[in-house]
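Quick look at model-v5.cif (mmCIF, C-alpha atoms (C1' of nucleotides)):
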```cif
data_start
loop_
_atom_site.label_atom_id
_atom_site.label_comp_id
_atom_site.auth_asym_id
_atom_site.auth_seq_id
_atom_site.Cartn_x
_atom_site.Cartn_y
_atom_site.Cartn_z
CA MET F 1 73.50 35.73 -21.65
CA PRO F 2 76.47 33.47 -22.03
CA GLU F 3 76.63 32.06 -25.54
CA LEU F 4 79.67 30.46 -27.16
CA PRO F 5 81.92 33.58 -27.07
CA GLU F 6 81.06 34.30 -23.45
CA VAL F 7 81.58 30.72 -22.29
CA GLU F 8 84.86 30.60 -24.21
CA THR F 9 85.92 33.85 -22.53
CA ILE F 10 85.03 32.44 -19.12
CA ARG F 11 87.09 29.37 -19.97
CA ARG F 12 90.10 31.42 -21.01
CA THR F 13 89.95 33.76 -18.03
CA LEU F 14 89.46 30.91 -15.58
CA VAL F 15 91.85 28.20 -16.69
CA GLY F 16 95.04 30.00 -15.70
CA HIS F 17 93.71 30.61 -12.21
CA VAL F 18 92.42 27.14 -11.40
CA ALA F 19 94.29 24.57 -13.48
CA GLY F 20 96.43 22.56 -11.12
CA ARG F 21 94.52 23.77 -8.07
CA THR F 22 92.95 21.34 -5.65
CA ILE F 23 89.39 21.84 -4.46
CA GLU F 24 89.80 21.68 -0.72
CA THR F 25 86.28 22.54 0.34
CA LEU F 26 82.93 23.01 -1.30
CA GLU F 27 80.29 25.28 0.15
CA VAL F 28 76.81 24.57 -1.18
CA ARG F 29 74.59 27.53 -0.42
CA TRP F 30 71.76 26.48 -2.74
CA PRO F 31 71.69 22.76 -3.60
CA GLY F 32 69.36 23.38 -6.54
CA ALA F 33 72.36 24.55 -8.56
CA LEU F 34 73.83 21.04 -8.48
CA LEU F 35 72.49 18.28 -10.70
CA GLY F 36 72.71 14.53 -10.45
CA TRP F 37 73.70 14.12 -6.82
CA GLN F 38 72.69 15.12 -3.35
CA ASP F 39 74.83 18.03 -2.27
CA SER F 40 76.63 15.85 0.29
CA GLU F 41 77.51 13.34 -2.45
CA PHE F 42 78.60 16.16 -4.72
CA THR F 43 80.85 17.43 -1.97
CA ASP F 44 82.38 13.99 -1.50
CA ILE F 45 83.00 13.71 -5.23
CA VAL F 46 84.81 16.99 -5.75
CA GLN F 47 86.61 17.64 -2.48
CA GLY F 48 90.29 16.81 -2.68
CA GLN F 49 90.30 16.67 -6.47
CA MET F 50 92.62 18.68 -8.63
CA ILE F 51 91.42 20.58 -11.67
CA GLU F 52 93.25 19.28 -14.70
CA GLY F 53 91.96 21.64 -17.31
CA ILE F 54 88.86 23.35 -18.67
CA GLY F 55 87.23 22.64 -21.98
CA ARG F 56 84.11 23.85 -23.70
CA ARG F 57 81.43 22.29 -25.87
CA GLY F 58 78.85 24.69 -27.22
CA LYS F 59 77.67 26.67 -24.21
CA TYR F 60 78.83 24.02 -21.76
CA LEU F 61 81.97 24.51 -19.71
CA LEU F 62 83.76 21.24 -18.99
CA ILE F 63 85.93 21.30 -15.89
CA ALA F 64 88.06 18.15 -15.88
CA LEU F 65 89.09 16.82 -12.48
CA LYS F 66 92.07 14.54 -11.96
CA GLN F 67 90.41 11.41 -10.61
CA GLY F 68 88.15 10.82 -13.57
CA TRP F 69 85.34 13.27 -12.93
CA THR F 70 84.14 16.24 -14.93
CA LEU F 71 82.05 19.18 -13.80
CA ILE F 72 79.70 20.31 -16.55
CA ALA F 73 78.55 23.87 -16.01
CA HIS F 74 75.84 25.73 -17.93
CA MET F 75 75.26 29.43 -17.19
CA ARG F 76 71.89 29.64 -18.93
CA MET F 77 70.91 33.32 -18.65
CA THR F 78 72.73 34.93 -15.79
CA GLY F 79 75.18 32.38 -14.40
CA LYS F 80 78.68 33.55 -13.54
CA LEU F 81 81.86 31.83 -12.47
CA LEU F 82 83.94 34.34 -10.56
CA TYR F 83 87.49 33.73 -9.44
CA TYR F 84 88.98 35.43 -6.39
CA ALA F 85 92.63 35.13 -5.46
CA GLN F 86 91.80 36.00 -1.85
CA PRO F 87 88.94 34.77 0.34
CA GLU F 88 85.81 36.72 -0.53
CA PRO F 89 82.48 36.76 1.30
CA ALA F 90 79.79 35.15 -0.82
CA GLU F 91 77.77 37.84 -2.54
CA LYS F 92 74.02 37.70 -3.02
CA HIS F 93 72.97 34.88 -5.39
CA THR F 94 76.20 32.92 -4.94
CA HIS F 95 75.07 29.30 -4.80
CA VAL F 96 78.30 27.32 -4.70
CA VAL F 97 81.82 28.24 -3.54
CA PHE F 98 84.84 26.12 -4.51
CA ARG F 99 87.76 26.86 -2.20
CA PHE F 100 91.19 25.85 -3.48
CA ASP F 101 94.51 25.50 -1.77
CA GLN F 102 94.91 28.99 -3.20
CA GLY F 103 92.01 31.17 -4.30
CA GLU F 104 88.32 30.40 -4.68
CA LEU F 105 85.64 30.15 -7.33
CA HIS F 106 82.09 31.40 -6.88
CA PHE F 107 79.16 30.14 -8.92
CA ASN F 108 76.67 32.99 -8.88
CA ASP F 109 73.33 33.16 -10.67
CA VAL F 110 70.60 35.72 -10.04
CA ARG F 111 67.98 33.82 -11.97
CA LYS F 112 68.88 30.35 -10.66
CA PHE F 113 68.67 28.78 -14.14
CA GLY F 114 72.33 27.76 -14.35
CA ARG F 115 73.45 24.32 -13.23
CA ILE F 116 76.59 22.35 -12.45
CA LEU F 117 76.61 18.62 -13.02
CA ALA F 118 79.25 16.15 -11.85
CA VAL F 119 79.75 13.13 -14.09
CA PRO F 120 82.48 10.50 -14.55
CA THR F 121 84.59 11.79 -17.42
CA ASP F 122 84.19 8.67 -19.51
CA GLU F 123 80.40 8.92 -19.18
CA GLN F 124 80.17 12.53 -20.34
CA MET F 125 78.76 11.53 -23.68
CA LEU F 126 75.90 9.72 -22.00
CA ILE F 127 74.49 13.10 -21.06
CA PRO F 128 71.82 13.51 -23.75
CA SER F 129 72.05 17.28 -24.16
CA LEU F 130 75.80 16.98 -24.66
CA ALA F 131 75.59 13.93 -26.90
CA ARG F 132 73.09 15.56 -29.24
CA LEU F 133 74.98 18.82 -29.76
CA GLY F 134 75.68 19.90 -33.30
CA PRO F 135 79.15 20.76 -34.63
CA GLU F 136 81.43 23.29 -32.96
CA PRO F 137 81.14 26.29 -35.28
CA LEU F 138 84.75 27.38 -34.83
CA GLU F 139 86.28 23.99 -35.52
CA ALA F 140 87.39 22.62 -38.86
CA GLY F 141 84.47 20.20 -39.07
CA PHE F 142 82.03 23.05 -39.46
CA THR F 143 81.94 23.71 -43.18
CA PRO F 144 79.32 25.26 -45.46
CA THR F 145 78.53 21.74 -46.66
CA VAL F 146 77.92 20.51 -43.11
CA LEU F 147 75.67 23.47 -42.42
CA TYR F 148 73.80 22.85 -45.65
CA GLN F 149 73.21 19.22 -44.70
CA ARG F 150 72.09 20.13 -41.21
CA LEU F 151 69.50 22.58 -42.54
CA ALA F 152 68.32 20.41 -45.41
CA GLY F 153 64.63 19.59 -45.32
CA LYS F 154 63.92 21.80 -42.34
CA LYS F 155 60.82 23.89 -42.72
CA ARG F 156 61.38 25.86 -39.52
CA PRO F 157 62.54 29.46 -39.73
CA ILE F 158 66.31 29.72 -40.12
CA LYS F 159 66.46 31.55 -36.81
CA ALA F 160 64.77 28.68 -34.98
CA ALA F 161 67.14 26.19 -36.61
CA LEU F 162 70.24 28.18 -35.64
CA LEU F 163 69.06 28.47 -32.04
CA ASP F 164 68.67 24.70 -31.91
CA GLN F 165 71.84 23.42 -30.23
CA ASP F 166 71.49 20.12 -32.05
CA VAL F 167 71.92 21.87 -35.40
CA VAL F 168 74.95 24.00 -34.44
CA ALA F 169 76.32 24.29 -30.92
CA GLY F 170 76.74 27.58 -29.13
CA LEU F 171 74.49 30.14 -30.80
CA GLY F 172 71.96 32.04 -28.68
CA ASN F 173 69.65 34.93 -29.38
CA ILE F 174 72.32 37.60 -29.65
CA TYR F 175 74.76 35.96 -32.06
CA THR F 176 71.97 34.40 -34.12
CA ASP F 177 70.40 37.79 -34.83
CA GLU F 178 73.83 39.26 -35.55
CA ALA F 179 74.83 36.45 -37.90
CA LEU F 180 71.55 36.67 -39.82
CA PHE F 181 72.01 40.41 -40.22
CA LEU F 182 75.57 39.99 -41.40
CA ALA F 183 74.38 37.37 -43.89
CA ARG F 184 71.49 39.65 -44.94
CA LEU F 185 69.02 36.83 -44.35
CA ASN F 186 65.49 37.26 -43.07
CA PRO F 187 65.13 35.30 -39.80
CA SER F 188 61.72 33.97 -40.92
CA ARG F 189 63.02 32.24 -44.04
CA ALA F 190 62.43 28.50 -43.99
CA ALA F 191 65.79 26.86 -43.34
CA GLN F 192 65.40 24.59 -46.36
CA SER F 193 64.81 27.56 -48.65
CA LEU F 194 68.39 28.79 -48.39
CA ASN F 195 70.44 28.06 -51.48
CA GLU F 196 74.08 27.03 -51.46
CA LYS F 197 75.36 30.54 -51.90
CA GLU F 198 73.23 31.82 -49.03
CA ILE F 199 74.37 28.97 -46.80
CA GLN F 200 77.95 29.78 -47.63
CA VAL F 201 77.44 33.42 -46.67
CA LEU F 202 75.60 32.41 -43.51
CA HIS F 203 78.39 30.02 -42.56
CA GLY F 204 80.92 32.82 -42.94
CA ALA F 205 78.71 35.17 -40.93
CA ILE F 206 78.37 32.72 -38.05
CA VAL F 207 82.13 32.20 -37.88
CA THR F 208 82.79 35.92 -38.17
CA VAL F 209 80.42 37.05 -35.41
CA LEU F 210 81.53 34.32 -33.02
CA GLN F 211 85.20 35.12 -33.55
CA ALA F 212 84.53 38.83 -33.18
CA GLY F 213 82.59 38.10 -30.00
CA ILE F 214 85.50 36.16 -28.55
CA GLU F 215 87.97 38.86 -29.58
CA ALA F 216 85.81 41.42 -27.78
CA GLN F 217 85.66 39.07 -24.77
CA GLY F 218 81.95 38.63 -25.05
CA THR F 219 78.79 40.72 -24.94
CA SER F 220 77.93 42.35 -21.62
CA PHE F 221 74.46 43.49 -22.58
CA ARG F 222 73.34 43.16 -18.98
CA ASP F 223 74.73 40.58 -16.61
CA TYR F 224 77.58 38.82 -18.35
CA ARG F 225 81.02 38.96 -16.71
CA ASP F 226 84.12 36.83 -17.27
CA ALA F 227 85.89 34.88 -14.51
CA ASN F 228 87.67 38.06 -13.42
CA GLY F 229 84.39 39.95 -13.13
CA GLU F 230 85.22 41.99 -16.24
CA LYS F 231 82.72 43.03 -18.88
CA GLY F 232 83.10 42.19 -22.53
CA ALA F 233 82.93 44.83 -25.26
CA PHE F 234 80.92 43.25 -28.06
CA GLN F 235 77.71 45.05 -27.01
CA GLU F 236 79.31 48.10 -28.63
CA ALA F 237 79.58 46.26 -31.94
CA LEU F 238 76.06 44.84 -32.05
CA GLN F 239 74.27 45.72 -35.29
CA VAL F 240 70.74 44.56 -34.46
CA TYR F 241 70.35 42.87 -31.07
CA GLY F 242 68.84 45.34 -28.62
CA ARG F 243 68.56 47.99 -31.32
CA ALA F 244 64.88 47.80 -32.25
CA ASN F 245 63.63 50.99 -33.92
CA GLU F 246 67.16 52.32 -34.30
CA PRO F 247 68.38 53.02 -37.83
CA CYS F 248 69.95 50.13 -39.70
CA GLN F 249 73.70 50.69 -39.98
CA VAL F 250 73.49 49.78 -43.66
CA CYS F 251 70.34 51.42 -45.06
CA GLY F 252 69.29 53.80 -42.31
CA ARG F 253 65.74 52.54 -42.05
CA PRO F 254 64.41 51.49 -38.64
CA LEU F 255 65.13 47.98 -37.41
CA THR F 256 62.06 45.87 -36.68
CA LYS F 257 61.37 43.92 -33.50
CA SER F 258 59.20 40.84 -33.67
CA ARG F 259 58.70 37.58 -31.92
CA LEU F 260 59.90 34.49 -33.71
CA SER F 261 59.86 30.99 -32.22
CA GLY F 262 59.23 32.59 -28.87
CA ARG F 263 62.29 34.85 -29.01
CA THR F 264 62.64 38.54 -29.45
CA THR F 265 64.06 39.06 -32.91
CA VAL F 266 65.47 42.26 -34.35
CA PHE F 267 66.27 42.59 -38.03
CA CYS F 268 66.23 44.98 -40.97
CA PRO F 269 63.31 44.29 -43.30
CA GLU F 270 65.05 46.29 -46.03
CA CYS F 271 68.41 44.56 -45.97
CA GLN F 272 67.58 41.04 -44.86
CA HIS F 273 65.94 38.75 -47.42
"C1'" DC A 1 58.44 17.18 -38.54
"C1'" DC A 2 56.91 21.34 -36.46
"C1'" DT A 3 54.66 24.74 -33.16
"C1'" DT A 4 53.25 26.91 -28.84
"C1'" DA A 5 52.85 26.85 -23.82
"C1'" DT A 6 54.80 26.17 -19.29
"C1'" DG A 7 58.07 26.25 -15.59
"C1'" DC A 8 62.17 27.69 -13.74
"C1'" DC A 9 63.74 32.76 -11.51
"C1'" DT A 10 64.86 37.83 -10.17
"C1'" DG A 11 65.36 42.52 -11.19
"C1'" DA A 12 64.73 46.24 -14.32
"C1'" DA A 13 61.51 48.63 -16.89
"C1'" DT A 14 57.00 50.03 -17.74
"C1'" DG A 15 52.07 51.15 -16.74
"C1'" DC A 16 48.43 53.31 -14.13
"C1'" DT W 1 55.48 57.54 -5.03
"C1'" DG W 2 54.00 53.01 -5.10
"C1'" DC W 3 52.08 48.98 -6.41
"C1'" DA W 4 51.18 45.66 -10.20
"C1'" DT W 5 52.45 43.91 -14.51
"C1'" DT W 6 55.58 42.85 -18.19
"C1'" DC W 7 59.75 41.50 -20.02
"C1'" DA W 8 64.35 39.36 -20.49
"C1'" DG W 9 65.31 34.14 -22.31
"C1'" DG W 10 68.03 28.78 -22.52
"C1'" DC W 11 66.30 24.62 -22.29
"C1'" DA W 12 63.54 20.61 -20.84
"C1'" DT W 13 59.16 18.92 -21.25
"C1'" DA W 14 54.38 18.36 -22.64
"C1'" DA W 15 50.70 18.90 -25.63
"C1'" DG W 16 48.58 19.83 -30.14
#
```
Structure translated into structure tokens:
Amino acid sequence: MPELPEVETIRRTLVGHVAGRTIETLEVRWPGALLGWQDSEFTDIVQGQMIEGIGRRGKYLLIALKQGWTLIAHMRMTGKLLYYAQPEPAEKHTHVVFRFDQGELHFNDVRKFGRILAVPTDEQMLIPSLARLGPEPLEAGFTPTVLYQRLAGKKRPIKAALLDQDVVAGLGNIYTDEALFLARLNPSRAAQSLNEKEIQVLHGAIVTVLQAGIEAQGTSFRDYRDANGEKGAFQEALQVYGRANEPCQVCGRPLTKSRLSGRTTVFCPECQH
DNA sequence: CCTTATGCCTGAATGC
DNA sequence: TGCATTCAGGCATAAG
């Protein structure tokens, strides 16, 4: 499921193809994928506009259009943005097709959870879910001190806090479990119970797993593909996610699967305290 | 402040 | 084999 490293990889694999391209036509095959406007209005907004660049905030992809509009895309679980240099028939579950003066972009989502929103660029920050987002974990503003402050006083399990996009932007179930393993922290620990040293280690672990995820071009556990339709490789490096009952890479004892804050959670009860 | 439940979805995996 | 159930989960929202 696209988390920060996957969305960043989509951004990187897409920008070279579409920056400077003009959206000539929009084909809306399932209007439910579009938020904020009727599909005819959406079409009027984007047709004829040139893509200036693509940014990212947390798990949101921000596609900046020339005439002051931005497309905000969220893949949720199974959303994909697939670029084709040549015209390509829409595959099953393709909900929106952007056709450029050269090439086309397909928004495809089996589960139909993903959404694309069009908003005037200068009103982006009025979108509550974007406005509330916590710090970007790979930018300079994300320091151990900032993380400490953001977790202070929180009684919720550290895992629940890290999954909360308002605490830190971009972590999902995969990278949260991996970061907690790397930091040797039990996912059930109350967030406020972590001391400064533990927070410092956790901060380093978050940065490390996210950077490693990006370097591996994401985790293709099931559905994830980049804009070229390519899989990532980080699934091969996962230490705990998807490895319930397998031996811990550190101590050899079986990894435990439980349910925490409604999410499947895998961790090593021996190594993670 | 926190939790759990629900809805949104389809396909793969599992159960009988 | 086949039919039914469970599970995967990000996020908004509601309720306790």
Would you mind listing, for every residue of chain A within 9 Å of chain F, the two atoms forming the shortest contact and the distance between them in Å to one decimal, using all atoms listed in the file, sorted by chain and ascending residue number, as a Markdown table?
```
| residue | atom | partner | partner_atom | distance |
| --- | --- | --- | --- | --- |
| A:DC1 | C1' | F:Lys154 | CA | 8.1 |
| A:DC2 | C1' | F:Arg156 | CA | 7.1 |
| A:DT3 | C1' | F:Ser261 | CA | 8.2 |
| A:DT4 | C1' | F:Gly262 | CA | 8.2 |
| A:DC8 | C1' | F:Phe113 | CA | 6.6 |
| A:DC9 | C1' | F:Arg111 | CA | 4.4 |
| A:DT10 | C1' | F:Arg111 | CA | 5.4 |
| A:DG11 | C1' | F:Val110 | CA | 8.7 |
```
(message) For the provided coordinates, the residues matched by the PyMOL selection byres ((chain W) within 12 of (chain F)) should be stated as a PyMOL selection string.
(response) chain W and resi 7-12
Could you tell me, as a PDB file with C-alpha atoms, in the frame of the given file, exactly which residues end up selected when the PyMOL selection byres ((chain F and resi 15) around 10) is applied to this structure?
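Result file out.pdb:
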```pdb
ATOM      1  CA  ILE F  10      85.030  32.440 -19.120  1.00  0.00           C
ATOM      2  CA  ARG F  11      87.090  29.370 -19.970  1.00  0.00           C
ATOM      3  CA  ARG F  12      90.100  31.420 -21.010  1.00  0.00           C
ATOM      4  CA  THR F  13      89.950  33.760 -18.030  1.00  0.00           C
ATOM      5  CA  LEU F  14      89.460  30.910 -15.580  1.00  0.00           C
ATOM      6  CA  GLY F  16      95.040  30.000 -15.700  1.00  0.00           C
ATOM      7  CA  HIS F  17      93.710  30.610 -12.210  1.00  0.00           C
ATOM      8  CA  VAL F  18      92.420  27.140 -11.400  1.00  0.00           C
ATOM      9  CA  ALA F  19      94.290  24.570 -13.480  1.00  0.00           C
ATOM     10  CA  GLY F  20      96.430  22.560 -11.120  1.00  0.00           C
ATOM     11  CA  ILE F  51      91.420  20.580 -11.670  1.00  0.00           C
ATOM     12  CA  GLU F  52      93.250  19.280 -14.700  1.00  0.00           C
ATOM     13  CA  GLY F  53      91.960  21.640 -17.310  1.00  0.00           C
ATOM     14  CA  ILE F  54      88.860  23.350 -18.670  1.00  0.00           C
ATOM     15  CA  GLY F  55      87.230  22.640 -21.980  1.00  0.00           C
ATOM     16  CA  ILE F  63      85.930  21.300 -15.890  1.00  0.00           C
ATOM     17  CA  ALA F 227      85.890  34.880 -14.510  1.00  0.00           C
TER      18      ALA F 227
END
```
(message) Expand the PyMOL selection byres ((chain F and resi 131) around 12) into the explicit residue set it covers here, and present it as number ranges by chain.
(response) F: 57-58, 60, 123-130, 132-135, 165-166, 169
(message) Give me the residues near DT5 in chain W as a PyMOL selection string, where near means some atom within 12 Å (using all atoms listed in the file) and where sequence neighbours in that chain fewer than 6 positions away do not count.
(response) chain A and resi 13-16
(request) Report the distance between C1' of DT6 in chain W and CA of Phe234 in chain F in Å, rounded to one decimal place. (result)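 Answer for the C1' of DT6 in chain W to CA of Phe234 in chain F separation: 27.2 Å.
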(message) Excluding Thr256 in chain F and its own-chain neighbours fewer than 4 positions away, which residues fall within 9 Å of it when counting only C-alpha atoms (C1' of nucleotides)? Please give them as a count of residues only.
(response) 9
Set the distance at 8 Å and use only C-alpha atoms (C1' of nucleotides): which residues neighbour Arg184 in chain F once local chain neighbours fewer than 4 positions away are removed? I'd like the list as a PDB file with C-alpha atoms, keeping the file's coordinate frame.
```pdb
ATOM      1  CA  LEU F 180      71.550  36.670 -39.820  1.00  0.00           C
ATOM      2  CA  CYS F 271      68.410  44.560 -45.970  1.00  0.00           C
ATOM      3  CA  GLN F 272      67.580  41.040 -44.860  1.00  0.00           C
ATOM      4  CA  HIS F 273      65.940  38.750 -47.420  1.00  0.00           C
TER       5      HIS F 273
END
```
